[in-house]
Structure formats: structure tokens, C-alpha cells
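Please read the structure below before turning to the comments.
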Amino acid sequence: MHRTGGPPGRRTRQLDEAHLADSVTIAVTDGDARVAYWSREAEDLLGYTSAEIVGRPLGDLVGADGATLRHRDGHLLDARVHLSPLLGATQQQHFLVTTVPSPGTGKLQDLMWWMLEQQSPSLSIYDRDARLLWANEATRRAVGFVQSEVRGRRLTEFLPGAAFEEAERRILRVGETGEPEYTELFVALPREPRAHAWAVDVFPLKDAHGRVHAVGLVSNDYSEQHHSRERMALLSEARTRIGASLDVTGTAQELVDVTVTVSRFADFVSVDLLQDVFRGALPRPGARTGPLTLRRAAQGGTRPLPPDATPGVGAVHTHPQSSPVVRCQVAGRTVLASVRDPDIVRWLAEDPAQETYARAFGTHSLLAVPVRARGVTLGAALFLRHAASPDPFGPDDLTVIEDLVAKVAVCLDNARRFTHERGIALALQRSLLPGRPTLHPAVETASRYVPAGGDAGVGGDWFDVIPLPGARVGLVVGDVVGHGIRASATMGRLRTAVRTLADIDLAPDELLTHLDDIVTHSGLPQDADDADDTGDASPSQIPGDIGATCLYAVYDPVTRTCSLARAGHPPPILVGPDEAAHVVDLPTGPPLGLGSLPFEAAEFTLPENSVLALFTDGLIEGPHHDLDEGNRSLCRALARPQPSLEALCETVLDIQHPEGGDDVALLLIRARALGPESLASWDLPSDPAIVAEARKRAGDRLTEWGLEEASFVTELVVSELVTNAIRYGTGPIRLRLIKDRTLTCEVSDGSSTSPHLRRARLSDEGGRGLLLVAQLTERWGTRYTPTGKTIWAEQVLHPV
């Protein structure tokens, strides 16, 4: 042990004034950190005798920093304390206490010491067993310990917690492997009210031979950068997650999910909107005062809500004037407040439900942000922090959340506009489709139209049932590309065109040919420079895109034949009386508007009580199967026994369209047949003398049917039509009467020349027959057949 000669007082001054140029051993401590042995140099340096100091805690000799020696007279010496662990036979830990010269000479070694001690990052050194050897001033200040009290102790002995256990495991691992590690911890130190973000580097301290002697730890508090990064991450997450759907409640819920579940920005969030927004209407601009009635669009929190604590989603709640939700909308700016603010205390007193919630979770801070888009207030969003989040909202939070809510407000307004336009399109679509099942003697019908799910909205799918003369019925189903108002309007134009063409009794292939011409020359479904409401481009903008498809069929209950043709549309499915379903083999025609290939019709017999399903492609297309699999699945669904066509419609939609993909039109018909009791038919020679016989036969049959009141008009119609066929047509001539809800008189001949109305002059002997037919019957017309034509006229027997 180093000794310095001379009297004690003089030696003390020499040691003190020389700043202890050499290390001096002054004491040995026992296992309780009490002084067990005291050296002569210690007496000279600190002024205590052995009798005065042995048995006292070593902490009595050091300053508040735990590293500077304190003289008996109270002044601090320019010397540092170094502890060296000593292990005896009992393994009880003792320490050799040595003074270290203070780094105050200005030499490079001193400068290095000052740099380490005065560094703003927290620096510390541990031995390979994770026991603290040294910590700089920043570490001691952050942790709040005296170095002499914790030197030689493991990290978790003076800093408990999972985060520090992880740091200790890394220290041990680095001491063993010699490989540096990096980690980030979010933890609150013992004397801190809030957690901080720490970037921690753990690295080995090696000698020239690469042997690890200790482990260094550097930790930087990057809380500001962390919070800034969190705010940026919140905005980035919001950009990707909010506004994906054009649904008001869905968009509001996305805001709740991002700020509560994803970012933990708040412990509870609610979004209340004016009721006009949910209807798609634009709220009236201007400030609102007094109590305000809003509807809860979305809400969510980090903990389950107690019953009746807040209005549920969809509930309508009247907020008092003191509510921050009302105040932020009236003022047009965010309200940032503590629950201890007088305005908030008054609000909670006037709103018992909110007071119950605040008391249950210990709400202490809130933000109320107006939801404004394009200068109009749509509602407000309320953000709360509870006791679980001790940090109140601050100015930085205000900046972030106002930016976020502004973006959400635009998304909500887009959803509102979509709701408005969807309502218009749906109303237009519903008005253009048959409102209820069509009553017809030839078929029983059931139908469904289902708008597209998600953001697509109402599309251009449609169907129709068209009564035709001769108890026949026209069946049509079509699909216009796109969604929105334009698609619905285009569908209406096509439906009108089909009805007009069907009214002149064209065959299915001829009708589609004329319809294709209409689409080609009118620019249907959209003009070249237009796009539909959902952003879908027009067919001219998308090469190869299909503008519109259509399938048209005519069913004759007398012959039970069905004639069909299709323009780029899926073929129908036929379910026989034995409940076996199959796709009808039907020639494929090009979509409407291409004007390239002709259309072909197919004809087959429709068994009585069989079901024919006409549908759009949304019923068989899907992301997980192709059209063939979709057809097979639809066949299986249609083959299921059901008590009615209505029930079968529901079953098919539940199976084929459960999640609401594309829009769907479905038309089911059950075929009926007209029996001999409703028909009368005669082949007539081309002889004028037969006209009187034809009138008699018709009159006799009406008497058998109990329709004597219709005999006069019917005999006149028969006389005129048969006479025209004999005079202007060619054989063979056939007369047919059909009785259902109407009485139809048909005369067929082998000529393709059609008669037409003309106004006879007073001196003309003829030319008045068809005019009388037109005046006395409900309607009349000409239908062309492969062998000639048929002139028909209808009388209403039982007006509906």
C-alpha cells in the first residue's frame, strides 16, 4: 500500500493539492458495504481515524454522485472512488476501495474521461456477469441512483421490469459471444411519469488480443423522434386503411380502428354524424347552436364498454350545448380539454351516459374534432384518453389528428355522395324493372334483382316479361357494363328498345339484330368520352370490353316451343319436371354494339311444369371458380326441391350470391300449356265462299265457350281477315281461335305481304275492313313465320 511521509495534516494537503496523482488504497468493506479496514493513507486523505470510521457505511464518505470522496470537514476532494470486488472462502463479496486520480489535468486522458462522463447519452459499463462497474452522469441522473450504492450489482437488482430483464440478457449474451447487439426499449425509468423510447447499443470491450473484459451499454432517449415516427406511421396507416370503401359507417369505423386498435392514439373514439349524411344528403351549411342531434356512425375502445355507457352504433343521441362535440362544430375548430375544465365538468353533469363512461375508465383528456368537407360540417369525432394512458393530449397530437380527420372527412363525403347517387340509381333501376311478378297464362314467374355489394353499387342488369299475341310471352334478360346512374339509364333505354321491337313481334334472332343496330348507331351503352359514376371507362376506352349483353326468348304455350337467341349472354338453364337441370345448348352471338356476326336462334320444346332460369353473369362468376363451375353450381341449386318459385329464387341467391359480389338479375319461369279446350283451329280453302262457313264455325265455338257476347265482333274480324287472306295471300290458309284472358283470332297464309290501314274515301267500295278491326279490338298486328305470315287481333274478355 502506497504511503506518504510527513505529518498527517501536511500529508493530507499534499495528497489533496496534488490531486492524487497516483491511486491510493484507503479501505476494505464487508458484505454490507460497511468499512472493515482503514488505511493510514485514508486517515491522511479524509481526516478520519480508524476508530471513527470502521463499521460505518461507505456511503458516508462519498458525495451525492456516489463517486466523489468527501473530507471530514465536508468539502469534496478532487478524487474518484474505485471498488474492486474481493471473494473470500465463503464467497461473501467484499470490496477493496481505492481512490482514482481525478481527471482534471487537461491531458488527453483527462479529456477522454470528461467526454465519457459528460456525454448526453447514457453510458455504462458492466462486467461479463452483468454487474455494474461504472455509469456516467447522464445515466445516474436518468436512473436516480448513487453509483456507490449499485456498483457491483446486476442491472435487474436496481431496475426491475421486463424491459430491463431483456437488457440484462443482452449484456450477458454480448459478454459471452463478443458480438454487439442493438435493441429499442419503450420503458419508464423509476422517477419518470411516462415511458420513453430508448435506442440501446450493447457492445463488448476487448483488449488487443480480442478477449472480452466487460460490456459497454449506450442508450439514447429518442422519444421525440419516436413520437414523430408514430404520428407519421398513423397518417401512413390511415392512407392505406381509410377510404377503401364507399360506405359512411364503414369509413367511420376505419377511423376508429386506426386510432384505437392500430396506433393506440386514443383509448376511446366515437364518430357522430348528422342524420342527413346517412341518407346521402348534404347537410345545410352554417353554424349550429343549442342541443344537437347526431347519429353514432362508429365507436370503439381499448376496453369493453359497460352497458348503457354510451349510445350504440346507429343510435341517435342529443348532445347538450356544453358538449365538446357540439362546441367544436359550432366554432369550427378542435376542442382540446381536460376533464377538470369547467366546461367539461358541466357537460358531464348534463350528459349522464358520458359521465358514467368517464368515471368507469378514468377519462382525463379529450379531443373533439369537427368533421368538415368542402366547407360543410358533417359531424364530429371524439377522442378520449383514460387512466391507462397517463399522457394527456398535447399540441403535437392536435396537429396530427386534425390532419387525419380532414382526410377522413373527404372520404366520408365521398361515401355520402356515393350513397346519394346509389339511391338515385337504385330508384331508377327499380322503376324500370317489373315491380311484381307478371301474371300470364303461359308462365308462372319469379324474379330478383340484387345490386352489387361493396363500392360498385347499382349496375345495368335487367330482366323483363313481355306479353305477346297468341298467348305467347317474351322473356328477356340483359346486362350493361358499369355501375351507377348511367348504367341504369342505359339499361332503361335497352329495355324500351326491346319492348318496342317485341311489340312488332320479331323473332328472337331478328330482334337482337335490330337491337344491335340501335346500340351501334346510338353509342350505347355510353358515349366515347364518358365514364360511369364509379370510374369505369366506356367500352370505346377499353379495347375488347363488352358494352351490353342480352338474351331474348319467346315461349308459345300452344305448341310448348321456346325460341331463343343470345348476344354475348350466358345461356339459360332448364330444370325438367324430373328436377334434372342442364344448360340449354344455344348458339353464341356477339355482344351488342360490335355489329360483326349474325345472331342465331334455337328452338326446343319446353315440357309442361319445367322451370327455365334466365340470369346475368354475376350469378355464376366468382373469384374462386370459373364459368363452368359456376354453371354446375347453379344447376345444383336450381335442382333443389322448393315449394314455390319465390322460395327457389331465395335459395339460388343464398347459394350463388351470398356475399353480394357483382349485381345480379334472375328470372325464373314455370311453363304452362294451353289445352285443346282453349284452342280452335281450321284449315280453309282459298275460296271466297268459305268466308261464311268460317264465320259460322267461329260463332259456334264461342257458344261452346260461353262467349256469345263476343260473337258479333269475332265474326266480323274472321270475315275481314279470311277475306284478305283469300284475296291478297296464298294458300294454305288457317284460322285459329285462342282463349285465355283474351280472345285471339289468327289467320295465317303463305304470303309475306302485310296489310296496312288506309282511310277510304266516300266513293270507295272497300278499304274499311282493317279500320273496323282496329276500332273494335284491343290490338292487332302481323307476325311473320318461316312459311308466311299471321294476322292477329285480340279482344279483352276479362279486363285486369
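Residues in the C-alpha cells are numbered from 1 in each chain, the chains being A, B, ... in the order shown, and ligands are numbered from 1 in the order shown.
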Excluding stretch 504-510 of chain A and residues on its chain fewer than 2 positions from it, collect all residues at most 12 Å away from it, counting only C-alpha atoms, and give them as a ChimeraX atom specification.
/A:466-470,472-476,497-502,512-517,550-555,562-567,586-590,597-603,779-786,789-792
I want to know what sits within 8 Å of A:Val410, based on only C-alpha atoms, with residues of the same chain fewer than 2 positions away left out; could you give that as a list in words?
Arg372, Ala373, Arg374, Ala406, Lys407, Val408, Leu412, Asp413 and Asn414 of chain A
Picked from stretch 51-252 of chain A by DSSP as alpha helix (DSSP H), as a ChimeraX atom specification:
/A:51-53,108-118,137-143,147-150,155-158,162-177,223-241,248-252
For A:His317, find every residue with an atom within 9 Å (counting only C-alpha atoms), except residues of its own chain fewer than 3 positions away, and show them as a list of chain:residue names.
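These residues fall inside the cut-off: A:Asp272, A:Leu292, A:Thr293, A:Leu294, A:Arg295, A:Arg296, A:Pro311.
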Would you mind listing what lies within 8 Å of stretch 71-77 of chain A as a PDB file with all heavy atoms, in the first residue's frame, with only C-alpha atoms counted and same-chain residues fewer than 2 positions away left out?
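This is the output file part-v3.pdb:
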```
ATOM      1  N   ASP A  16      -4.167  16.176  -1.347  1.00  0.00           N
ATOM      2  CA  ASP A  16      -5.289  16.905  -1.917  1.00  0.00           C
ATOM      3  C   ASP A  16      -4.822  17.855  -3.015  1.00  0.00           C
ATOM      4  O   ASP A  16      -5.403  17.939  -4.094  1.00  0.00           O
ATOM      5  CB  ASP A  16      -5.998  17.671  -0.818  1.00  0.00           C
ATOM      6  CG  ASP A  16      -7.346  18.212  -1.253  1.00  0.00           C
ATOM      7  OD1 ASP A  16      -7.778  17.862  -2.373  1.00  0.00           O
ATOM      8  OD2 ASP A  16      -7.955  18.962  -0.477  1.00  0.00           O
ATOM      9  N   LEU A  45      -5.850  11.332   4.002  1.00  0.00           N
ATOM     10  CA  LEU A  45      -6.600  11.925   2.913  1.00  0.00           C
ATOM     11  C   LEU A  45      -7.932  12.511   3.364  1.00  0.00           C
ATOM     12  O   LEU A  45      -8.316  13.596   2.943  1.00  0.00           O
ATOM     13  CB  LEU A  45      -6.842  10.859   1.823  1.00  0.00           C
ATOM     14  CG  LEU A  45      -7.574  11.321   0.563  1.00  0.00           C
ATOM     15  CD1 LEU A  45      -6.766  12.369  -0.183  1.00  0.00           C
ATOM     16  CD2 LEU A  45      -7.867  10.139  -0.335  1.00  0.00           C
ATOM     17  N   LEU A  46      -8.662  11.783   4.219  1.00  0.00           N
ATOM     18  CA  LEU A  46     -10.032  12.164   4.567  1.00  0.00           C
ATOM     19  C   LEU A  46     -10.185  12.716   5.976  1.00  0.00           C
ATOM     20  O   LEU A  46     -11.246  13.237   6.325  1.00  0.00           O
ATOM     21  CB  LEU A  46     -10.969  10.974   4.389  1.00  0.00           C
ATOM     22  CG  LEU A  46     -11.032  10.395   2.967  1.00  0.00           C
ATOM     23  CD1 LEU A  46     -11.924   9.175   2.939  1.00  0.00           C
ATOM     24  CD2 LEU A  46     -11.556  11.433   1.997  1.00  0.00           C
ATOM     25  N   GLY A  47      -9.149  12.556   6.840  1.00  0.00           N
ATOM     26  CA  GLY A  47      -9.186  13.172   8.165  1.00  0.00           C
ATOM     27  C   GLY A  47      -9.878  12.337   9.217  1.00  0.00           C
ATOM     28  O   GLY A  47     -10.064  12.793  10.346  1.00  0.00           O
ATOM     29  N   TYR A  48     -10.331  11.114   8.867  1.00  0.00           N
ATOM     30  CA  TYR A  48     -10.958  10.230   9.851  1.00  0.00           C
ATOM     31  C   TYR A  48      -9.919   9.267  10.402  1.00  0.00           C
ATOM     32  O   TYR A  48      -9.057   8.768   9.665  1.00  0.00           O
ATOM     33  CB  TYR A  48     -12.074   9.404   9.200  1.00  0.00           C
ATOM     34  CG  TYR A  48     -13.295  10.204   8.777  1.00  0.00           C
ATOM     35  CD1 TYR A  48     -13.453  10.563   7.444  1.00  0.00           C
ATOM     36  CD2 TYR A  48     -14.261  10.549   9.711  1.00  0.00           C
ATOM     37  CE1 TYR A  48     -14.556  11.268   7.035  1.00  0.00           C
ATOM     38  CE2 TYR A  48     -15.379  11.251   9.295  1.00  0.00           C
ATOM     39  CZ  TYR A  48     -15.526  11.621   7.964  1.00  0.00           C
ATOM     40  OH  TYR A  48     -16.636  12.316   7.569  1.00  0.00           O
ATOM     41  N   LEU A  61     -18.787   8.401   3.093  1.00  0.00           N
ATOM     42  CA  LEU A  61     -17.523   9.001   2.656  1.00  0.00           C
ATOM     43  C   LEU A  61     -17.598   9.594   1.257  1.00  0.00           C
ATOM     44  O   LEU A  61     -16.599  10.153   0.788  1.00  0.00           O
ATOM     45  CB  LEU A  61     -16.400   7.939   2.690  1.00  0.00           C
ATOM     46  CG  LEU A  61     -16.188   7.238   4.036  1.00  0.00           C
ATOM     47  CD1 LEU A  61     -15.111   6.177   3.912  1.00  0.00           C
ATOM     48  CD2 LEU A  61     -15.807   8.251   5.109  1.00  0.00           C
ATOM     49  N   GLY A  63     -19.783  11.711  -2.041  1.00  0.00           N
ATOM     50  CA  GLY A  63     -20.753  12.750  -2.316  1.00  0.00           C
ATOM     51  C   GLY A  63     -22.047  12.181  -2.894  1.00  0.00           C
ATOM     52  O   GLY A  63     -22.250  10.965  -2.981  1.00  0.00           O
ATOM     53  N   THR A  68     -17.483  10.702  -5.736  1.00  0.00           N
ATOM     54  CA  THR A  68     -16.511  11.698  -5.267  1.00  0.00           C
ATOM     55  C   THR A  68     -16.338  11.561  -3.755  1.00  0.00           C
ATOM     56  O   THR A  68     -17.315  11.439  -3.017  1.00  0.00           O
ATOM     57  CB  THR A  68     -17.010  13.119  -5.604  1.00  0.00           C
ATOM     58  OG1 THR A  68     -17.277  13.197  -7.003  1.00  0.00           O
ATOM     59  CG2 THR A  68     -15.963  14.160  -5.252  1.00  0.00           C
ATOM     60  N   LEU A  69     -15.063  11.600  -3.295  1.00  0.00           N
ATOM     61  CA  LEU A  69     -14.776  11.488  -1.862  1.00  0.00           C
ATOM     62  C   LEU A  69     -15.078  12.788  -1.139  1.00  0.00           C
ATOM     63  O   LEU A  69     -14.884  13.878  -1.684  1.00  0.00           O
ATOM     64  CB  LEU A  69     -13.295  11.121  -1.658  1.00  0.00           C
ATOM     65  CG  LEU A  69     -12.911   9.686  -2.077  1.00  0.00           C
ATOM     66  CD1 LEU A  69     -11.401   9.528  -2.075  1.00  0.00           C
ATOM     67  CD2 LEU A  69     -13.554   8.678  -1.144  1.00  0.00           C
ATOM     68  N   ALA A  79     -11.042  13.653  -6.271  1.00  0.00           N
ATOM     69  CA  ALA A  79     -10.635  12.252  -6.402  1.00  0.00           C
ATOM     70  C   ALA A  79     -11.882  11.409  -6.577  1.00  0.00           C
ATOM     71  O   ALA A  79     -12.970  11.779  -6.149  1.00  0.00           O
ATOM     72  CB  ALA A  79      -9.856  11.801  -5.163  1.00  0.00           C
TER      73      ALA A  79
END
```
Fewer than 5 positions away in the same chain doesn't count, so skip those; otherwise give me all residues within 10 Å of A:Arg333, counting only C-alpha atoms, as a tab-separated table (two decimals) with N, CA and C atoms, in the first residue's frame.
```
chain	number	residue	atom	x	y	z
A	327	ARG	N	-69.67	21.99	-29.38
A	327	ARG	CA	-68.84	23.21	-29.40
A	327	ARG	C	-67.86	23.21	-30.56
A	328	CYS	N	-67.29	22.05	-30.87
A	328	CYS	CA	-66.31	22.03	-31.96
A	328	CYS	C	-67.00	22.26	-33.30
A	368	ALA	N	-62.07	16.87	-29.34
A	368	ALA	CA	-63.28	16.85	-30.16
A	368	ALA	C	-62.95	17.59	-31.45
A	369	VAL	N	-63.03	16.88	-32.57
A	369	VAL	CA	-62.60	17.42	-33.86
A	369	VAL	C	-63.80	17.48	-34.81
A	370	PRO	N	-64.09	18.64	-35.38
A	370	PRO	CA	-65.20	18.70	-36.35
A	370	PRO	C	-64.84	17.96	-37.63
A	371	VAL	N	-65.81	17.25	-38.18
A	371	VAL	CA	-65.63	16.56	-39.46
A	371	VAL	C	-66.21	17.47	-40.53
A	372	ARG	N	-65.32	18.13	-41.27
A	372	ARG	CA	-65.74	19.11	-42.27
A	372	ARG	C	-65.16	18.73	-43.63
A	402	GLU	N	-56.00	16.52	-36.48
A	402	GLU	CA	-56.74	17.40	-37.38
A	402	GLU	C	-56.46	17.06	-38.83
```
Using DSSP on the backbone coordinates, identify all residues within stretch 590-635 of chain A classified as strand (DSSP E); present the result as a VMD selection string.
chain A and resid 602 to 605 611 to 615
In Å to one decimal, how far is atom CA of A:Glu149 from atom CA of A:Ala42?
20.3 Å
Distance atom CA of A:Leu702-atom CA of A:Leu606, one decimal place?
29.0 Å
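Taking atom CA of A:Gly769 as the reference point, atom CA of A:Val796 is found at 19.9 Å.
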Pick from A:Leu348, A:Val146, A:Val481, A:Leu205: nearest to A:Gly178, with only C-alpha atoms counted?
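When distances to A:Gly178 are compared using only C-alpha atoms, the smallest one comes from A:Leu205.
Contact shell of stretch 150-161 of chain A at 8 Å (only C-alpha atoms; same-chain neighbours under 3 positions omitted): Leu83, Pro85, Asp129, Ala130, Arg131, Leu132, Leu133, Trp134, Phe145, Val146, Gln147, Phe164, Glu165, Glu168 and Pro190 of chain A.
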Could you save the residues just selected, with C-alpha atoms, as a PDB file, in the first residue's frame?
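File result16.pdb, as written:
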```
ATOM      1  CA  LEU A  83     -14.338  -0.532  -5.980  1.00  0.00           C
ATOM      2  CA  PRO A  85     -14.696  -6.977  -5.750  1.00  0.00           C
ATOM      3  CA  ASP A 129     -21.820 -11.200 -15.246  1.00  0.00           C
ATOM      4  CA  ALA A 130     -23.917  -8.066 -15.917  1.00  0.00           C
ATOM      5  CA  ARG A 131     -22.752  -6.306 -12.715  1.00  0.00           C
ATOM      6  CA  LEU A 132     -22.432  -2.536 -12.966  1.00  0.00           C
ATOM      7  CA  LEU A 133     -18.879  -1.217 -12.930  1.00  0.00           C
ATOM      8  CA  TRP A 134     -19.384   2.393 -13.943  1.00  0.00           C
ATOM      9  CA  PHE A 145     -29.163   6.239  -8.068  1.00  0.00           C
ATOM     10  CA  VAL A 146     -25.926   6.838  -6.190  1.00  0.00           C
ATOM     11  CA  GLN A 147     -23.207   4.945  -8.006  1.00  0.00           C
ATOM     12  CA  PHE A 164     -34.545  -4.391 -18.050  1.00  0.00           C
ATOM     13  CA  GLU A 165     -34.570  -8.183 -17.880  1.00  0.00           C
ATOM     14  CA  GLU A 168     -29.603  -7.834 -18.899  1.00  0.00           C
ATOM     15  CA  PRO A 190     -38.193   4.760 -11.804  1.00  0.00           C
TER      16      PRO A 190
END
```
